[in-house]
$ cat protein_3.pdb   # PDB, C-alpha atoms, pLDDT in the B column
MODEL        1
ATOM      1  CA  MET A   1     -21.208  -7.939  -1.829  1.00 73.00           C
ATOM      2  CA  LYS A   2     -19.169  -7.751  -5.018  1.00 79.00           C
ATOM      3  CA  VAL A   3     -19.910  -5.108  -7.585  1.00 79.00           C
ATOM      4  CA  SER A   4     -19.565  -6.682 -11.007  1.00 79.00           C
ATOM      5  CA  THR A   5     -19.971  -5.664 -14.623  1.00 80.00           C
ATOM      6  CA  ALA A   6     -22.355  -8.612 -15.086  1.00 81.00           C
ATOM      7  CA  VAL A   7     -25.889  -7.636 -14.049  1.00 81.00           C
ATOM      8  CA  GLN A   8     -28.444 -10.416 -13.703  1.00 82.00           C
ATOM      9  CA  GLN A   9     -31.690  -9.695 -15.501  1.00 85.00           C
ATOM     10  CA  ALA A  10     -35.189 -10.758 -14.400  1.00 87.00           C
ATOM     11  CA  ASP A  11     -35.133 -13.741 -16.789  1.00 88.00           C
ATOM     12  CA  GLY A  12     -31.892 -15.057 -15.234  1.00 84.00           C
ATOM     13  CA  THR A  13     -29.583 -13.996 -18.038  1.00 87.00           C
ATOM     14  CA  TYR A  14     -26.686 -11.626 -17.553  1.00 86.00           C
ATOM     15  CA  GLN A  15     -26.135  -8.323 -19.239  1.00 86.00           C
ATOM     16  CA  TYR A  16     -22.648  -6.846 -19.153  1.00 86.00           C
ATOM     17  CA  VAL A  17     -22.346  -3.135 -18.522  1.00 84.00           C
ATOM     18  CA  ASP A  18     -19.393  -1.063 -19.541  1.00 84.00           C
ATOM     19  CA  VAL A  19     -16.888   0.147 -16.965  1.00 82.00           C
ATOM     20  CA  PRO A  20     -16.064   3.857 -16.691  1.00 84.00           C
ATOM     21  CA  SER A  21     -13.509   5.076 -19.219  1.00 88.00           C
ATOM     22  CA  ILE A  22     -11.079   5.981 -16.402  1.00 90.00           C
ATOM     23  CA  PHE A  23     -11.030   2.265 -15.455  1.00 88.00           C
ATOM     24  CA  ARG A  24     -10.099   1.304 -19.005  1.00 89.00           C
ATOM     25  CA  TRP A  25      -7.323   3.920 -18.990  1.00 91.00           C
ATOM     26  CA  ILE A  26      -5.948   2.758 -15.614  1.00 92.00           C
ATOM     27  CA  ASP A  27      -5.885  -0.836 -16.888  1.00 90.00           C
ATOM     28  CA  THR A  28      -3.841  -0.004 -20.008  1.00 92.00           C
ATOM     29  CA  ARG A  29      -0.110  -0.021 -20.715  1.00 92.00           C
ATOM     30  CA  VAL A  30       2.081   2.748 -22.095  1.00 91.00           C
ATOM     31  CA  LEU A  31       5.551   3.014 -23.648  1.00 89.00           C
ATOM     32  CA  GLY A  32       4.972   0.358 -26.258  1.00 89.00           C
ATOM     33  CA  ASP A  33       2.844  -1.838 -24.001  1.00 87.00           C
ATOM     34  CA  GLN A  34       5.774  -2.192 -21.576  1.00 90.00           C
ATOM     35  CA  LEU A  35       4.651  -0.176 -18.534  1.00 93.00           C
ATOM     36  CA  PRO A  36       1.245  -0.470 -16.842  1.00 93.00           C
ATOM     37  CA  VAL A  37      -0.477   2.820 -15.976  1.00 95.00           C
ATOM     38  CA  VAL A  38      -1.018   1.394 -12.466  1.00 94.00           C
ATOM     39  CA  THR A  39       2.775   1.345 -12.025  1.00 93.00           C
ATOM     40  CA  LEU A  40       2.954   5.005 -13.028  1.00 95.00           C
ATOM     41  CA  ILE A  41       0.216   5.862 -10.529  1.00 96.00           C
ATOM     42  CA  PHE A  42       2.140   3.959  -7.850  1.00 93.00           C
ATOM     43  CA  LEU A  43       5.362   5.814  -8.665  1.00 93.00           C
ATOM     44  CA  VAL A  44       3.582   9.194  -8.576  1.00 96.00           C
ATOM     45  CA  CYS A  45       2.050   8.339  -5.183  1.00 95.00           C
ATOM     46  CA  ALA A  46       5.448   7.216  -3.871  1.00 93.00           C
ATOM     47  CA  ALA A  47       7.120  10.399  -5.154  1.00 94.00           C
ATOM     48  CA  CYS A  48       4.443  12.604  -3.589  1.00 95.00           C
ATOM     49  CA  SER A  49       4.791  10.713  -0.309  1.00 93.00           C
ATOM     50  CA  TRP A  50       8.572  11.118  -0.396  1.00 92.00           C
ATOM     51  CA  LEU A  51       8.228  14.853  -1.058  1.00 94.00           C
ATOM     52  CA  ALA A  52       5.755  15.251   1.796  1.00 93.00           C
ATOM     53  CA  LEU A  53       7.821  13.239   4.279  1.00 89.00           C
ATOM     54  CA  ALA A  54      11.330  14.356   3.335  1.00 90.00           C
ATOM     55  CA  LYS A  55      10.891  17.941   2.234  1.00 92.00           C
ATOM     56  CA  HIS A  56       7.880  19.300   4.089  1.00 94.00           C
ATOM     57  CA  ARG A  57       7.491  20.404   7.697  1.00 94.00           C
ATOM     58  CA  TRP A  58       4.567  18.021   8.151  1.00 94.00           C
ATOM     59  CA  GLY A  59       6.815  15.042   7.290  1.00 91.00           C
ATOM     60  CA  ARG A  60       9.378  16.051   9.908  1.00 91.00           C
ATOM     61  CA  GLN A  61       6.552  16.476  12.396  1.00 93.00           C
ATOM     62  CA  LEU A  62       5.356  12.935  11.673  1.00 91.00           C
ATOM     63  CA  TYR A  63       8.837  11.514  12.261  1.00 86.00           C
ATOM     64  CA  ALA A  64       9.014  13.421  15.545  1.00 90.00           C
ATOM     65  CA  ILE A  65       5.570  12.221  16.613  1.00 91.00           C
ATOM     66  CA  GLY A  66       6.561   8.654  15.750  1.00 86.00           C
ATOM     67  CA  GLY A  67       9.666   8.960  17.894  1.00 84.00           C
ATOM     68  CA  ASN A  68       7.972  10.453  20.952  1.00 88.00           C
ATOM     69  CA  GLU A  69       4.477  11.885  20.764  1.00 91.00           C
ATOM     70  CA  GLU A  70       4.535  13.598  24.146  1.00 93.00           C
ATOM     71  CA  ALA A  71       7.911  15.266  23.518  1.00 94.00           C
ATOM     72  CA  SER A  72       6.602  16.427  20.133  1.00 93.00           C
ATOM     73  CA  ARG A  73       3.524  17.955  21.738  1.00 94.00           C
ATOM     74  CA  LEU A  74       5.637  19.704  24.374  1.00 95.00           C
ATOM     75  CA  SER A  75       7.946  21.112  21.692  1.00 94.00           C
ATOM     76  CA  GLY A  76       5.043  22.834  19.949  1.00 95.00           C
ATOM     77  CA  ILE A  77       4.176  20.378  17.174  1.00 95.00           C
ATOM     78  CA  PRO A  78       0.413  20.297  16.507  1.00 96.00           C
ATOM     79  CA  VAL A  79       0.190  16.554  17.117  1.00 95.00           C
ATOM     80  CA  VAL A  80      -3.562  16.156  16.632  1.00 96.00           C
ATOM     81  CA  ARG A  81      -3.573  18.085  13.341  1.00 96.00           C
ATOM     82  CA  ALA A  82      -0.521  16.228  12.018  1.00 96.00           C
ATOM     83  CA  LYS A  83      -2.094  12.870  12.877  1.00 96.00           C
ATOM     84  CA  ILE A  84      -5.403  13.812  11.260  1.00 97.00           C
ATOM     85  CA  LEU A  85      -3.536  14.813   8.092  1.00 96.00           C
ATOM     86  CA  ALA A  86      -1.640  11.505   8.213  1.00 95.00           C
ATOM     87  CA  TYR A  87      -4.890   9.540   8.463  1.00 96.00           C
ATOM     88  CA  ALA A  88      -6.405  11.597   5.641  1.00 97.00           C
ATOM     89  CA  ALA A  89      -3.366  10.943   3.428  1.00 96.00           C
ATOM     90  CA  CYS A  90      -3.569   7.253   4.281  1.00 94.00           C
ATOM     91  CA  GLY A  91      -7.248   7.211   3.322  1.00 96.00           C
ATOM     92  CA  LEU A  92      -6.551   9.018   0.042  1.00 97.00           C
ATOM     93  CA  LEU A  93      -3.788   6.581  -0.901  1.00 95.00           C
ATOM     94  CA  ALA A  94      -5.978   3.614   0.085  1.00 92.00           C
ATOM     95  CA  ALA A  95      -8.738   4.982  -2.157  1.00 94.00           C
ATOM     96  CA  VAL A  96      -6.303   5.322  -5.073  1.00 95.00           C
ATOM     97  CA  ALA A  97      -5.133   1.729  -4.494  1.00 92.00           C
ATOM     98  CA  GLY A  98      -8.744   0.499  -4.346  1.00 90.00           C
ATOM     99  CA  ILE A  99      -9.634   2.268  -7.580  1.00 91.00           C
ATOM    100  CA  CYS A 100      -6.569   0.784  -9.281  1.00 93.00           C
ATOM    101  CA  GLN A 101      -7.415  -2.720  -8.082  1.00 90.00           C
ATOM    102  CA  ALA A 102     -11.056  -2.380  -9.141  1.00 89.00           C
ATOM    103  CA  ALA A 103      -9.926  -1.164 -12.558  1.00 90.00           C
ATOM    104  CA  GLN A 104      -7.576  -4.108 -13.001  1.00 89.00           C
ATOM    105  CA  GLU A 105     -10.103  -6.714 -11.827  1.00 87.00           C
ATOM    106  CA  GLN A 106     -13.082  -5.041 -13.555  1.00 84.00           C
ATOM    107  CA  GLN A 107     -15.107  -5.449 -10.375  1.00 82.00           C
ATOM    108  CA  GLY A 108     -15.334  -4.137  -6.841  1.00 81.00           C
ATOM    109  CA  ASP A 109     -14.743  -6.629  -4.051  1.00 82.00           C
ATOM    110  CA  PRO A 110     -14.854  -5.375  -0.451  1.00 82.00           C
ATOM    111  CA  GLU A 111     -12.954  -8.477   0.707  1.00 84.00           C
ATOM    112  CA  ALA A 112     -10.121  -8.143  -1.834  1.00 82.00           C
ATOM    113  CA  GLY A 113      -7.726  -6.540   0.648  1.00 80.00           C
ATOM    114  CA  ILE A 114      -8.102  -9.069   3.454  1.00 82.00           C
ATOM    115  CA  GLY A 115      -4.676 -10.076   4.688  1.00 77.00           C
ATOM    116  CA  TYR A 116      -2.880  -7.159   3.046  1.00 83.00           C
ATOM    117  CA  GLU A 117      -2.190  -5.622   6.468  1.00 84.00           C
ATOM    118  CA  LEU A 118       0.408  -8.238   7.358  1.00 82.00           C
ATOM    119  CA  ILE A 119       2.048  -7.926   3.956  1.00 84.00           C
ATOM    120  CA  ALA A 120       2.156  -4.120   4.251  1.00 86.00           C
ATOM    121  CA  ILE A 121       3.760  -4.338   7.702  1.00 85.00           C
ATOM    122  CA  ALA A 122       6.328  -6.807   6.353  1.00 85.00           C
ATOM    123  CA  MET A 123       7.179  -4.458   3.467  1.00 87.00           C
ATOM    124  CA  VAL A 124       7.671  -1.514   5.776  1.00 87.00           C
ATOM    125  CA  VAL A 125       9.703  -3.440   8.365  1.00 85.00           C
ATOM    126  CA  ILE A 126      11.966  -5.009   5.730  1.00 84.00           C
ATOM    127  CA  GLY A 127      12.479  -1.485   4.413  1.00 82.00           C
ATOM    128  CA  GLY A 128      13.982  -0.525   7.769  1.00 80.00           C
ATOM    129  CA  THR A 129      11.145   1.452   9.306  1.00 81.00           C
ATOM    130  CA  ALA A 130      11.144   1.019  13.059  1.00 76.00           C
ATOM    131  CA  LEU A 131       7.845  -0.239  14.453  1.00 74.00           C
ATOM    132  CA  THR A 132       8.581   1.864  17.520  1.00 71.00           C
ATOM    133  CA  GLY A 133       8.524   4.975  15.309  1.00 69.00           C
ATOM    134  CA  GLY A 134      10.813   7.849  14.492  1.00 65.00           C
ATOM    135  CA  ARG A 135      12.796   6.129  11.743  1.00 73.00           C
ATOM    136  CA  GLY A 136      12.029   5.106   8.165  1.00 77.00           C
ATOM    137  CA  GLY A 137      11.836   6.257   4.591  1.00 81.00           C
ATOM    138  CA  ILE A 138       9.990   5.816   1.311  1.00 86.00           C
ATOM    139  CA  VAL A 139      12.951   4.540  -0.752  1.00 87.00           C
ATOM    140  CA  LEU A 140      13.750   1.717   1.656  1.00 86.00           C
ATOM    141  CA  THR A 141      10.059   0.916   1.957  1.00 88.00           C
ATOM    142  CA  LEU A 142       9.928   0.572  -1.847  1.00 89.00           C
ATOM    143  CA  ILE A 143      12.814  -1.900  -1.626  1.00 89.00           C
ATOM    144  CA  GLY A 144      10.878  -3.785   1.054  1.00 88.00           C
ATOM    145  CA  ALA A 145       7.788  -3.781  -1.192  1.00 89.00           C
ATOM    146  CA  LEU A 146       9.781  -5.178  -4.106  1.00 89.00           C
ATOM    147  CA  THR A 147      11.339  -7.831  -1.866  1.00 87.00           C
ATOM    148  CA  ILE A 148       8.008  -9.020  -0.477  1.00 87.00           C
ATOM    149  CA  GLY A 149       6.401  -8.762  -3.923  1.00 86.00           C
ATOM    150  CA  TYR A 150       9.031 -11.007  -5.482  1.00 89.00           C
ATOM    151  CA  LEU A 151       8.842 -13.398  -2.537  1.00 87.00           C
ATOM    152  CA  GLU A 152       5.049 -13.607  -2.910  1.00 85.00           C
ATOM    153  CA  LYS A 153       5.426 -14.233  -6.649  1.00 89.00           C
ATOM    154  CA  ILE A 154       8.023 -16.984  -6.114  1.00 91.00           C
ATOM    155  CA  LEU A 155       5.881 -18.674  -3.460  1.00 88.00           C
ATOM    156  CA  SER A 156       2.806 -18.419  -5.672  1.00 88.00           C
ATOM    157  CA  ILE A 157       4.614 -19.924  -8.675  1.00 92.00           C
ATOM    158  CA  ASN A 158       5.776 -22.800  -6.475  1.00 91.00           C
ATOM    159  CA  ALA A 159       2.185 -23.381  -5.256  1.00 90.00           C
ATOM    160  CA  VAL A 160       2.939 -22.678  -1.593  1.00 88.00           C
ATOM    161  CA  PRO A 161      -0.425 -22.546   0.227  1.00 90.00           C
ATOM    162  CA  GLU A 162      -1.700 -19.266   1.651  1.00 84.00           C
ATOM    163  CA  ALA A 163      -1.133 -20.432   5.225  1.00 87.00           C
ATOM    164  CA  GLY A 164       2.524 -21.117   4.472  1.00 87.00           C
ATOM    165  CA  ARG A 165       2.924 -17.698   2.865  1.00 84.00           C
ATOM    166  CA  LEU A 166       1.382 -15.964   5.865  1.00 82.00           C
ATOM    167  CA  MET A 167       3.622 -17.878   8.272  1.00 87.00           C
ATOM    168  CA  LEU A 168       6.700 -16.946   6.246  1.00 86.00           C
ATOM    169  CA  THR A 169       5.620 -13.290   6.167  1.00 81.00           C
ATOM    170  CA  GLY A 170       5.075 -13.357   9.936  1.00 83.00           C
ATOM    171  CA  ALA A 171       8.498 -14.936  10.458  1.00 87.00           C
ATOM    172  CA  ILE A 172      10.080 -12.209   8.320  1.00 83.00           C
ATOM    173  CA  ILE A 173       8.409  -9.523  10.453  1.00 80.00           C
ATOM    174  CA  VAL A 174       9.573 -11.170  13.687  1.00 85.00           C
ATOM    175  CA  ALA A 175      13.139 -11.519  12.355  1.00 85.00           C
ATOM    176  CA  ALA A 176      13.199  -7.892  11.195  1.00 79.00           C
ATOM    177  CA  VAL A 177      11.875  -6.624  14.533  1.00 78.00           C
ATOM    178  CA  LEU A 178      14.417  -8.691  16.461  1.00 83.00           C
ATOM    179  CA  THR A 179      17.189  -7.394  14.212  1.00 81.00           C
ATOM    180  CA  GLN A 180      16.033  -3.798  14.776  1.00 75.00           C
ATOM    181  CA  ARG A 181      15.903  -4.391  18.530  1.00 76.00           C
ATOM    182  CA  ARG A 182      19.381  -5.879  18.585  1.00 77.00           C
ATOM    183  CA  SER A 183      20.836  -2.995  16.551  1.00 72.00           C
ATOM    184  CA  ARG A 184      19.186  -0.351  18.811  1.00 66.00           C
ATOM    185  CA  GLY A 185      20.195  -1.766  22.116  1.00 58.00           C
TER     186      GLY A 185
ENDMDL
END
$ encode --input "protein_3.pdb" --output "structure tokens"
Amino acid sequence: MKVSTAVQQADGTYQYVDVPSIFRWIDTRVLGDQLPVVTLIFLVCAACSWLALAKHRWGRQLYAIGGNEEASRLSGIPVVRAKILAYAACGLLAAVAGICQAAQEQQGDPEAGIGYELIAIAMVVIGGTALTGGRGGIVLTLIGALTIGYLEKILSINAVPEAGRLMLTGAIIVAAVLTQRRSRG
């Protein structure tokens, strides 16, 4: 069920309620109306993720676990704790993304993210992250996100149906995986 700013009254009319002030701030632009606050939030999240993965012990542990979980466990890495922290970080970042989307749309829609999984996988794979684990990085993933974002925009402008977009995204994932496989072996 969607959560909207329009609340139906007993007489059938609608009364609009105000959104929280943090929503209005998230939906604004800064630097002379040139840069959305959502973009700044995204860049801060990406920078924090890069710091955690590239400069912190936990990030190196995650790369090791992705490469070979059993070998990581045998070498003394607290695999369960590292994975729990990874899931918690994923949940936190998903919550931030959900808040940003709700602020931009001025409503909460539990079905708004349907289909984003395939797009997220495509972004990560195009960025060079191995689906088998142990290899990847935030900067290349950002390049993959920009690539898929522009592709989605171009397809949307040209009125390509959703089914066609999903098939193209799936084909990109398959091509990237086959390319990774060929380069590894």
$ residues_around --input "protein_3.pdb" --residues "Leu40 in chain A" --least-positions-apart "5" --cutoff "12 Å" --atoms "all atoms listed in the file" --output "PDB file with C-alpha atoms, in the frame of the given file"
ATOM      1  CA  TRP A  25      -7.323   3.920 -18.990  1.00 91.00           C
ATOM      2  CA  ILE A  26      -5.948   2.758 -15.614  1.00 92.00           C
ATOM      3  CA  ASP A  27      -5.885  -0.836 -16.888  1.00 90.00           C
ATOM      4  CA  THR A  28      -3.841  -0.004 -20.008  1.00 92.00           C
ATOM      5  CA  ARG A  29      -0.110  -0.021 -20.715  1.00 92.00           C
ATOM      6  CA  VAL A  30       2.081   2.748 -22.095  1.00 91.00           C
ATOM      7  CA  LEU A  31       5.551   3.014 -23.648  1.00 89.00           C
ATOM      8  CA  GLN A  34       5.774  -2.192 -21.576  1.00 90.00           C
ATOM      9  CA  LEU A  35       4.651  -0.176 -18.534  1.00 93.00           C
ATOM     10  CA  CYS A  45       2.050   8.339  -5.183  1.00 95.00           C
ATOM     11  CA  ALA A  46       5.448   7.216  -3.871  1.00 93.00           C
ATOM     12  CA  ALA A  47       7.120  10.399  -5.154  1.00 94.00           C
ATOM     13  CA  CYS A 100      -6.569   0.784  -9.281  1.00 93.00           C
TER      14      CYS A 100
END
$ residues_around --input "protein_3.pdb" --residues "range 150-163 of chain A" --least-positions-apart "6" --cutoff "12 Å" --atoms "only C-alpha atoms" --output "PyMOL selection string"
chain A and resi 115-116+119+122-123+143-144+169-170+172
$ resolve_selection --input "protein_3.pdb" --expression "the PyMOL selection byres ((chain A and resi 54-58) around 10)" --output "ChimeraX atom specification"
/A:48-53,59-64,77-78,81-83,85-86,137-138
$ atom_distance --input "protein_3.pdb" --atom1 "CA of Phe23 in chain A" --atom2 "CA of Gln104 in chain A"
7.7 Å
$ axis_aligned_box --input "protein_3.pdb" --around "range 25-33 of chain A" --padding-each-side "8 Å" --output "lines of an AutoDock Vina configuration file"
center_x = -0.9
center_y = 1.0
center_z = -20.9
size_x = 28.9
size_y = 21.8
size_z = 26.6
$ residues_near_point --input "protein_3.pdb" --point "(-16.3, -5.4, -6.5)" --cutoff "8 Å" --atoms "all atoms listed in the file" --output "number ranges by chain"
A: 1-4, 102, 106-110
$ residues_around --input "protein_3.pdb" --residues "Ala130 in chain A" --least-positions-apart "3" --cutoff "12 Å" --atoms "all atoms listed in the file" --output "compact mmCIF listing (two decimals) with C-alpha atoms, in the frame of the given file"
# COMPACT_ATOMS: atom_id res chain seq x y z
CA TYR A 63 8.84 11.51 12.26
CA GLY A 66 6.56 8.65 15.75
CA GLY A 67 9.67 8.96 17.89
CA ILE A 121 3.76 -4.34 7.70
CA ALA A 122 6.33 -6.81 6.35
CA MET A 123 7.18 -4.46 3.47
CA VAL A 124 7.67 -1.51 5.78
CA VAL A 125 9.70 -3.44 8.36
CA ILE A 126 11.97 -5.01 5.73
CA GLY A 127 12.48 -1.48 4.41
CA GLY A 133 8.52 4.97 15.31
CA GLY A 134 10.81 7.85 14.49
CA ARG A 135 12.80 6.13 11.74
CA GLY A 136 12.03 5.11 8.16
CA GLY A 137 11.84 6.26 4.59
CA LEU A 140 13.75 1.72 1.66
CA THR A 141 10.06 0.92 1.96
CA ILE A 173 8.41 -9.52 10.45
CA ALA A 176 13.20 -7.89 11.20
CA VAL A 177 11.88 -6.62 14.53
CA LEU A 178 14.42 -8.69 16.46
CA THR A 179 17.19 -7.39 14.21
CA GLN A 180 16.03 -3.80 14.78
CA ARG A 181 15.90 -4.39 18.53
CA SER A 183 20.84 -3.00 16.55
CA ARG A 184 19.19 -0.35 18.81
$ residues_around --input "protein_3.pdb" --residues "Gln15 in chain A" --least-positions-apart "6" --cutoff "10 Å" --atoms "all atoms listed in the file" --output "list in words"
Thr5, Ala6, Val7, Gln8 and Gln9 of chain A
